[in-house]
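Participant: Here you go, one structure.
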Amino acid sequence: MLQIQNLKTEESLLLATTVVSLISIPSIYYFFNNKKNGKAKAAVKQEKEFPKPTIVPVSDDFDWEKQTPYPYRPYKKGPYKMNLAIRKLDPNDIICIEDTYLDRVTLREKLFDEKKLSGFHESALDSLKETYRFIFNHLLQRYPKYFTYSNDKKTIINKIKESSVPANPSDLSGNELLRIIASNIEEDMLLLIKNNDEGEPDEYVLRASTSLFPAGFNPAQKMNLPLTKIHTPVPHYVEKLQTSMNKFFSRIKPYEFIIRNNWSIQTHTNLCAPTGSHATKEEATTIHPLYPQDLDFNKVFFRVEKQCFTRLPETGSDLMFIRTYVTSLMDLRGSLTEEEKEILCSAIDGIMGDFAIYKKRIQWGEAAKAFIMGESNGSNPVKTKYTFVS
Ligand SMILES: *[C@@H]1O[C@H](CO)[C@@H](O)[C@H](O)[C@H]1NC(C)=O
Ligand SMILES: *[C@@H]1O[C@H](CO)[C@@H](O)[C@H](O)[C@H]1NC(C)=O
């Protein structure tokens, strides 16, 4: 679960405590229903309705420029386990504004126009409009300091970007909806809709997405694919994850909010990385481990995804947000205790077999560990801040 020991400020500690308490009550509920009381109660759980949450505005002294990115550190000591590892999400945190906001949304707008990474299927248009209203209602309620209606209520003003968007999405095209969504939040957005086509797999299908910060896949190539086909490159997906993944996407309820994380390390400087993050078995034969002295660890990143899920109450589509967090290994090393460094190295070693290839651990693993443990400072021992341009 959340690793509180890595949190630095009192605010984040408070936030983490709130999140943990929000998580633990429902997870106890799940535990008893699923593990203890067997099938009858599990069926009851499926019928459970979730009340519409009240979004609480951030406090008056909230300043987005002082909000350091949430330090998700989901790695665990020992072998990497392939599971969904889902937790309850505080609905207030489904979309977050932090100090990276303006840089990132500016970059996202540019990427949206330059790269063909976003798309939608006609059947997703109503779901996209509902998503638009969901996102901007959230921003208006959670961040009233920065998002307000204009006097005539026709537009919503984004005070951080100093721009505005239509309050009513009814007349917007699919592409306009995607562009506005992409350039007003840091989160990537994906919409999955149950496949009704006969003869097709009985699965949720990706019908709209604006994925500008992909890690190792081209979102355009995933459009209109069902879940299993989307995950084709993931080792052991069919044996280990297919059933739970399909169940998860068909069971999630309106107003139910779920979070999971995944992480890796990248030796390139792209937030937008349709290629370069994963390797195949054929490529593995030509990959040589990197030497730590060849790497500038200000430009090697610990990359975490915060993946959030809910079901839209009106159209019933599954809505997913992916927020990407990158921390240079220089910064990460500076923030870890000796014990935490060992846990991270153990987690790196724990990426084994096909995953060592898929996550390219065979390339960056030894160099990353040498840097984390202080055996090397890389090619540039001086701490510098890298600004992402792609
Ligand atoms: C998270 O998981 C997805 C699906 O396997 C993968 O494409 C992506 O690269 C992962 N991201 C990170 C940061 O590990
Ligand atoms: C790394 O840099 C630190 C601080 O400058 C220094 O104390 C340490 O000896 C260096 N380590 C190596 C392996 O060069």
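Residue names in the structure tokens use chain letters A, B, ... in the order shown, residue numbers from 1 in each chain, and ligand numbers from 1 in the order shown.
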Would you pick out the contacts of Phe297 in chain A at 9 Å or less, using only C-alpha atoms, so that residues sharing its chain but fewer than 5 positions from it are not included, and give the list as a ChimeraX atom specification?

Facilitator: /A:267,292,328-331,368,371,377-381,383

Participant: May I have the residues within 12 Å of Thr310 in chain A as a ChimeraX atom specification, using only C-alpha atoms and disregarding those fewer than 3 positions away in the same chain?

Facilitator: /A:50,52,88-91,94,131,134,189-192,248-259,307,313,316-321

Participant: Give me a file of those residues, with C-alpha atoms, as a JSON list (two decimals), in the first residue's frame.

Facilitator:
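Result file is out_14.json:
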```json
[["chain", "number", "residue", "atom", "x", "y", "z"],
["A", 50, "PHE", "CA", -22.08, 3.38, -4.30],
["A", 52, "LYS", "CA", -22.38, 9.82, -5.30],
["A", 88, "LYS", "CA", -9.93, 2.14, -3.03],
["A", 89, "LEU", "CA", -9.33, 5.65, -4.29],
["A", 90, "ASP", "CA", -10.41, 8.81, -2.51],
["A", 91, "PRO", "CA", -12.65, 10.37, -5.22],
["A", 94, "ILE", "CA", -8.95, 11.09, -9.16],
["A", 131, "THR", "CA", -16.27, 12.32, -19.39],
["A", 134, "PHE", "CA", -17.09, 14.61, -15.16],
["A", 189, "MET", "CA", -7.82, 9.39, -20.39],
["A", 190, "LEU", "CA", -9.15, 6.08, -21.72],
["A", 191, "LEU", "CA", -12.75, 4.99, -22.26],
["A", 192, "LEU", "CA", -13.64, 1.32, -22.47],
["A", 248, "PHE", "CA", -12.64, -5.98, -12.83],
["A", 249, "PHE", "CA", -13.79, -4.01, -15.88],
["A", 250, "SER", "CA", -17.24, -5.59, -15.90],
["A", 251, "ARG", "CA", -17.88, -5.23, -12.15],
["A", 252, "ILE", "CA", -16.76, -1.72, -11.38],
["A", 253, "LYS", "CA", -19.75, 0.40, -10.35],
["A", 254, "PRO", "CA", -20.75, 4.02, -10.91],
["A", 255, "TYR", "CA", -19.27, 6.18, -8.12],
["A", 256, "GLU", "CA", -16.85, 3.40, -7.19],
["A", 257, "PHE", "CA", -13.27, 4.67, -7.42],
["A", 258, "ILE", "CA", -10.27, 2.39, -7.70],
["A", 259, "ILE", "CA", -6.55, 3.01, -7.94],
["A", 307, "GLN", "CA", -4.12, 4.41, -12.75],
["A", 313, "PRO", "CA", -23.17, 6.68, -14.27],
["A", 316, "GLY", "CA", -22.12, 3.09, -18.23],
["A", 317, "SER", "CA", -18.71, 3.22, -19.88],
["A", 318, "ASP", "CA", -15.54, 2.45, -17.95],
["A", 319, "LEU", "CA", -13.41, 5.53, -17.48],
["A", 320, "MET", "CA", -9.70, 5.28, -16.75],
["A", 321, "PHE", "CA", -7.16, 7.98, -15.99]]
```

Participant: When you count only C-alpha atoms and all ligand atoms, which of these residues is closest to ligand 2: A:Gly365, A:Tyr237, A:Ser390, A:Gln293?

Facilitator: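 The shortest atom-to-atom distance to ligand 2 comes from A:Gln293.
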
Participant: Just want the 8 Å neighbourhood of range 304-306 of chain A, counted on only C-alpha atoms, with same-chain residues fewer than 5 positions away dropped. Output as number ranges by chain.

Facilitator: A: 72-73, 259-264, 321-326

Participant: Hey, can you spit out that residue selection with N, CA and C atoms as a PDB file, in the first residue's frame?

Facilitator:
```pdb
ATOM      1  N   TYR A  72       4.305   8.366  -5.032  1.00  0.00           N
ATOM      2  CA  TYR A  72       3.963   6.938  -5.098  1.00  0.00           C
ATOM      3  C   TYR A  72       5.240   6.122  -5.213  1.00  0.00           C
ATOM      4  N   ARG A  73       5.384   5.137  -4.306  1.00  0.00           N
ATOM      5  CA  ARG A  73       6.562   4.243  -4.326  1.00  0.00           C
ATOM      6  C   ARG A  73       6.051   2.812  -4.195  1.00  0.00           C
ATOM      7  N   ILE A 259      -7.891   2.581  -7.518  1.00  0.00           N
ATOM      8  CA  ILE A 259      -6.551   3.014  -7.939  1.00  0.00           C
ATOM      9  C   ILE A 259      -5.595   1.832  -7.952  1.00  0.00           C
ATOM     10  N   ARG A 260      -4.660   1.846  -8.876  1.00  0.00           N
ATOM     11  CA  ARG A 260      -3.516   0.923  -8.821  1.00  0.00           C
ATOM     12  C   ARG A 260      -2.299   1.650  -9.384  1.00  0.00           C
ATOM     13  N   ASN A 261      -1.125   1.130  -9.083  1.00  0.00           N
ATOM     14  CA  ASN A 261       0.115   1.726  -9.593  1.00  0.00           C
ATOM     15  C   ASN A 261       0.919   0.685 -10.336  1.00  0.00           C
ATOM     16  N   ASN A 262       1.718   1.113 -11.296  1.00  0.00           N
ATOM     17  CA  ASN A 262       2.833   0.275 -11.738  1.00  0.00           C
ATOM     18  C   ASN A 262       4.049   1.162 -11.961  1.00  0.00           C
ATOM     19  N   TRP A 263       5.201   0.560 -12.003  1.00  0.00           N
ATOM     20  CA  TRP A 263       6.421   1.355 -12.031  1.00  0.00           C
ATOM     21  C   TRP A 263       7.484   0.692 -12.874  1.00  0.00           C
ATOM     22  N   SER A 264       8.423   1.498 -13.308  1.00  0.00           N
ATOM     23  CA  SER A 264       9.598   0.990 -14.000  1.00  0.00           C
ATOM     24  C   SER A 264      10.691   2.068 -13.919  1.00  0.00           C
ATOM     25  N   PHE A 321      -8.150   6.904 -15.884  1.00  0.00           N
ATOM     26  CA  PHE A 321      -7.162   7.976 -15.989  1.00  0.00           C
ATOM     27  C   PHE A 321      -5.787   7.394 -15.656  1.00  0.00           C
ATOM     28  N   ILE A 322      -4.793   7.799 -16.400  1.00  0.00           N
ATOM     29  CA  ILE A 322      -3.423   7.400 -16.054  1.00  0.00           C
ATOM     30  C   ILE A 322      -2.594   8.648 -15.849  1.00  0.00           C
ATOM     31  N   ARG A 323      -2.122   8.814 -14.623  1.00  0.00           N
ATOM     32  CA  ARG A 323      -1.250   9.929 -14.328  1.00  0.00           C
ATOM     33  C   ARG A 323       0.187   9.396 -14.231  1.00  0.00           C
ATOM     34  N   THR A 324       1.088  10.002 -14.977  1.00  0.00           N
ATOM     35  CA  THR A 324       2.471   9.551 -14.991  1.00  0.00           C
ATOM     36  C   THR A 324       3.339  10.457 -14.122  1.00  0.00           C
ATOM     37  N   TYR A 325       4.057   9.840 -13.214  1.00  0.00           N
ATOM     38  CA  TYR A 325       4.990  10.582 -12.358  1.00  0.00           C
ATOM     39  C   TYR A 325       6.411  10.137 -12.675  1.00  0.00           C
ATOM     40  N   VAL A 326       7.299  11.078 -12.876  1.00  0.00           N
ATOM     41  CA  VAL A 326       8.696  10.725 -13.104  1.00  0.00           C
ATOM     42  C   VAL A 326       9.581  11.436 -12.073  1.00  0.00           C
TER      43      VAL A 326
END
```

Participant: Taking the chain letters and numbering used in this document, name the residues of range 161-318 of chain A that DSSP puts in strand (DSSP E), as an MDAnalysis selection string.

Facilitator: chainID A and resid 163:166 188:194 204:210 258:266 301:311 318

Participant: For the alpha helix (DSSP H) assignment from backbone DSSP, which residues of range 82-280 of chain A qualify? Please present them as a PDB file with C-alpha atoms, in the first residue's frame.

Facilitator:
```
ATOM      1  CA  TYR A 101       0.537  21.165 -13.956  1.00  0.00           C
ATOM      2  CA  LEU A 102       1.268  24.106 -16.247  1.00  0.00           C
ATOM      3  CA  ASP A 103       4.401  22.603 -17.826  1.00  0.00           C
ATOM      4  CA  ARG A 104       2.677  19.320 -18.455  1.00  0.00           C
ATOM      5  CA  VAL A 105      -0.601  20.586 -19.895  1.00  0.00           C
ATOM      6  CA  THR A 106       1.346  22.937 -22.176  1.00  0.00           C
ATOM      7  CA  LEU A 107       3.417  19.992 -23.393  1.00  0.00           C
ATOM      8  CA  ARG A 108       0.280  17.885 -23.767  1.00  0.00           C
ATOM      9  CA  GLU A 109      -1.378  20.459 -25.994  1.00  0.00           C
ATOM     10  CA  LYS A 110       1.679  20.453 -28.252  1.00  0.00           C
ATOM     11  CA  LEU A 111       1.846  16.642 -28.312  1.00  0.00           C
ATOM     12  CA  PHE A 112      -1.851  16.410 -29.077  1.00  0.00           C
ATOM     13  CA  ASP A 113      -1.378  18.523 -32.191  1.00  0.00           C
ATOM     14  CA  GLU A 114       1.907  16.986 -33.333  1.00  0.00           C
ATOM     15  CA  LEU A 125     -19.206  10.176 -28.409  1.00  0.00           C
ATOM     16  CA  ASP A 126     -21.811  10.324 -25.615  1.00  0.00           C
ATOM     17  CA  SER A 127     -19.335   8.743 -23.182  1.00  0.00           C
ATOM     18  CA  LEU A 128     -16.754  11.350 -24.161  1.00  0.00           C
ATOM     19  CA  LYS A 129     -19.228  14.149 -23.434  1.00  0.00           C
ATOM     20  CA  GLU A 130     -20.011  12.593 -20.067  1.00  0.00           C
ATOM     21  CA  THR A 131     -16.273  12.321 -19.387  1.00  0.00           C
ATOM     22  CA  TYR A 132     -15.833  16.008 -20.252  1.00  0.00           C
ATOM     23  CA  ARG A 133     -18.566  16.968 -17.760  1.00  0.00           C
ATOM     24  CA  PHE A 134     -17.088  14.609 -15.161  1.00  0.00           C
ATOM     25  CA  ILE A 135     -13.632  16.172 -15.489  1.00  0.00           C
ATOM     26  CA  PHE A 136     -14.705  19.798 -15.415  1.00  0.00           C
ATOM     27  CA  ASN A 137     -17.241  19.261 -12.611  1.00  0.00           C
ATOM     28  CA  HIS A 138     -14.426  17.720 -10.634  1.00  0.00           C
ATOM     29  CA  LEU A 139     -12.098  20.642 -11.341  1.00  0.00           C
ATOM     30  CA  LEU A 140     -14.814  23.210 -10.477  1.00  0.00           C
ATOM     31  CA  GLN A 141     -15.653  21.470  -7.202  1.00  0.00           C
ATOM     32  CA  ARG A 142     -12.174  20.459  -6.106  1.00  0.00           C
ATOM     33  CA  GLY A 174     -14.990  14.048 -30.710  1.00  0.00           C
ATOM     34  CA  ASN A 175     -11.676  15.600 -31.612  1.00  0.00           C
ATOM     35  CA  GLU A 176     -12.504  18.892 -29.854  1.00  0.00           C
ATOM     36  CA  LEU A 177     -13.546  16.984 -26.731  1.00  0.00           C
ATOM     37  CA  LEU A 178     -10.294  15.003 -26.741  1.00  0.00           C
ATOM     38  CA  ARG A 179      -8.141  18.066 -27.311  1.00  0.00           C
ATOM     39  CA  ILE A 180      -9.716  20.029 -24.455  1.00  0.00           C
ATOM     40  CA  ILE A 181      -9.475  17.053 -22.102  1.00  0.00           C
ATOM     41  CA  ALA A 182      -5.868  16.385 -23.107  1.00  0.00           C
ATOM     42  CA  PRO A 219      -2.187   4.148 -28.099  1.00  0.00           C
ATOM     43  CA  ALA A 220      -3.359   4.651 -31.680  1.00  0.00           C
ATOM     44  CA  GLN A 221      -2.660   0.965 -32.361  1.00  0.00           C
ATOM     45  CA  LYS A 222      -4.736  -0.072 -29.330  1.00  0.00           C
ATOM     46  CA  LEU A 227      -8.600  -5.872 -23.225  1.00  0.00           C
ATOM     47  CA  THR A 228      -6.786  -9.114 -24.002  1.00  0.00           C
ATOM     48  CA  LYS A 229      -5.517  -7.874 -27.359  1.00  0.00           C
ATOM     49  CA  ILE A 230      -4.444  -4.584 -25.774  1.00  0.00           C
ATOM     50  CA  TYR A 237      -1.135 -11.894 -19.277  1.00  0.00           C
ATOM     51  CA  VAL A 238      -3.538 -14.652 -20.322  1.00  0.00           C
ATOM     52  CA  GLU A 239      -2.617 -17.069 -17.508  1.00  0.00           C
ATOM     53  CA  LYS A 240      -2.156 -14.508 -14.769  1.00  0.00           C
ATOM     54  CA  GLN A 242      -6.903 -12.004 -18.140  1.00  0.00           C
ATOM     55  CA  THR A 243      -9.716 -13.326 -15.915  1.00  0.00           C
ATOM     56  CA  SER A 244      -9.270 -10.838 -13.090  1.00  0.00           C
ATOM     57  CA  MET A 245      -8.852  -7.957 -15.532  1.00  0.00           C
ATOM     58  CA  ASN A 246     -12.073  -8.813 -17.387  1.00  0.00           C
ATOM     59  CA  LYS A 247     -13.974  -9.254 -14.120  1.00  0.00           C
ATOM     60  CA  PHE A 248     -12.641  -5.983 -12.829  1.00  0.00           C
ATOM     61  CA  PHE A 249     -13.787  -4.006 -15.878  1.00  0.00           C
ATOM     62  CA  SER A 250     -17.241  -5.592 -15.901  1.00  0.00           C
ATOM     63  CA  ARG A 251     -17.878  -5.234 -12.148  1.00  0.00           C
TER      64      ARG A 251
END
```

Participant: Name each residue within 6 Å of ligand 2, counting only C-alpha atoms and all ligand atoms, as a list in words.

Facilitator: Gly374, Glu375, Ser376 and Asn377 of chain A

Participant: Residues near Ser211 in chain A, anyone? I mean within 7 Å using only C-alpha atoms, not counting same-chain ones fewer than 2 positions away, as a count of residues only.

Facilitator: 8

Participant: Each residue of range 147-227 of chain A lying at most 12 Å from range 348-362 of chain A should get a row with its shortest atom-to-atom pair and the distance in Å to one decimal, counting only C-alpha atoms; could you produce that, ordered by chain and increasing number, as JSON lines?

Facilitator:
```
{"residue": "A:Ala215", "atom": "CA", "partner": "A:Lys359", "partner_atom": "CA", "distance": 10.3}
{"residue": "A:Gly216", "atom": "CA", "partner": "A:Lys359", "partner_atom": "CA", "distance": 9.3}
{"residue": "A:Phe217", "atom": "CA", "partner": "A:Tyr358", "partner_atom": "CA", "distance": 11.8}
```

Participant: Go through A:Lys194, A:Lys48, A:His231, A:Lys154 one by one, measure the shortest atom-to-atom distance of each to ligand 1 using only C-alpha atoms and all ligand atoms, and give the residue with the smallest value.

Facilitator: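 Using only C-alpha atoms and all ligand atoms, the shortest distance to ligand 1 belongs to A:His231.
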
Participant: Nearest to ligand 1: which of A:Tyr146, A:Phe301, A:Tyr291, A:Phe388 is it, counting only C-alpha atoms and all ligand atoms?

Facilitator: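 Looking only at the distances to ligand 1, the closest residue turns out to be A:Phe301.
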
Participant: Which of these residues is nearest to Tyr80 in chain A, using only C-alpha atoms: A:Lys369, A:Leu212, A:His236, A:Ser346?

Facilitator: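 Ranked by minimum distance to Tyr80 in chain A, first place goes to A:Ser346.
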
Participant: Would you work out the distance separating CA of Ile157 in chain A from CA of Lys66 in chain A, expressed in Å to one decimal?

Facilitator: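 These two atoms are separated by 21.2 Å.
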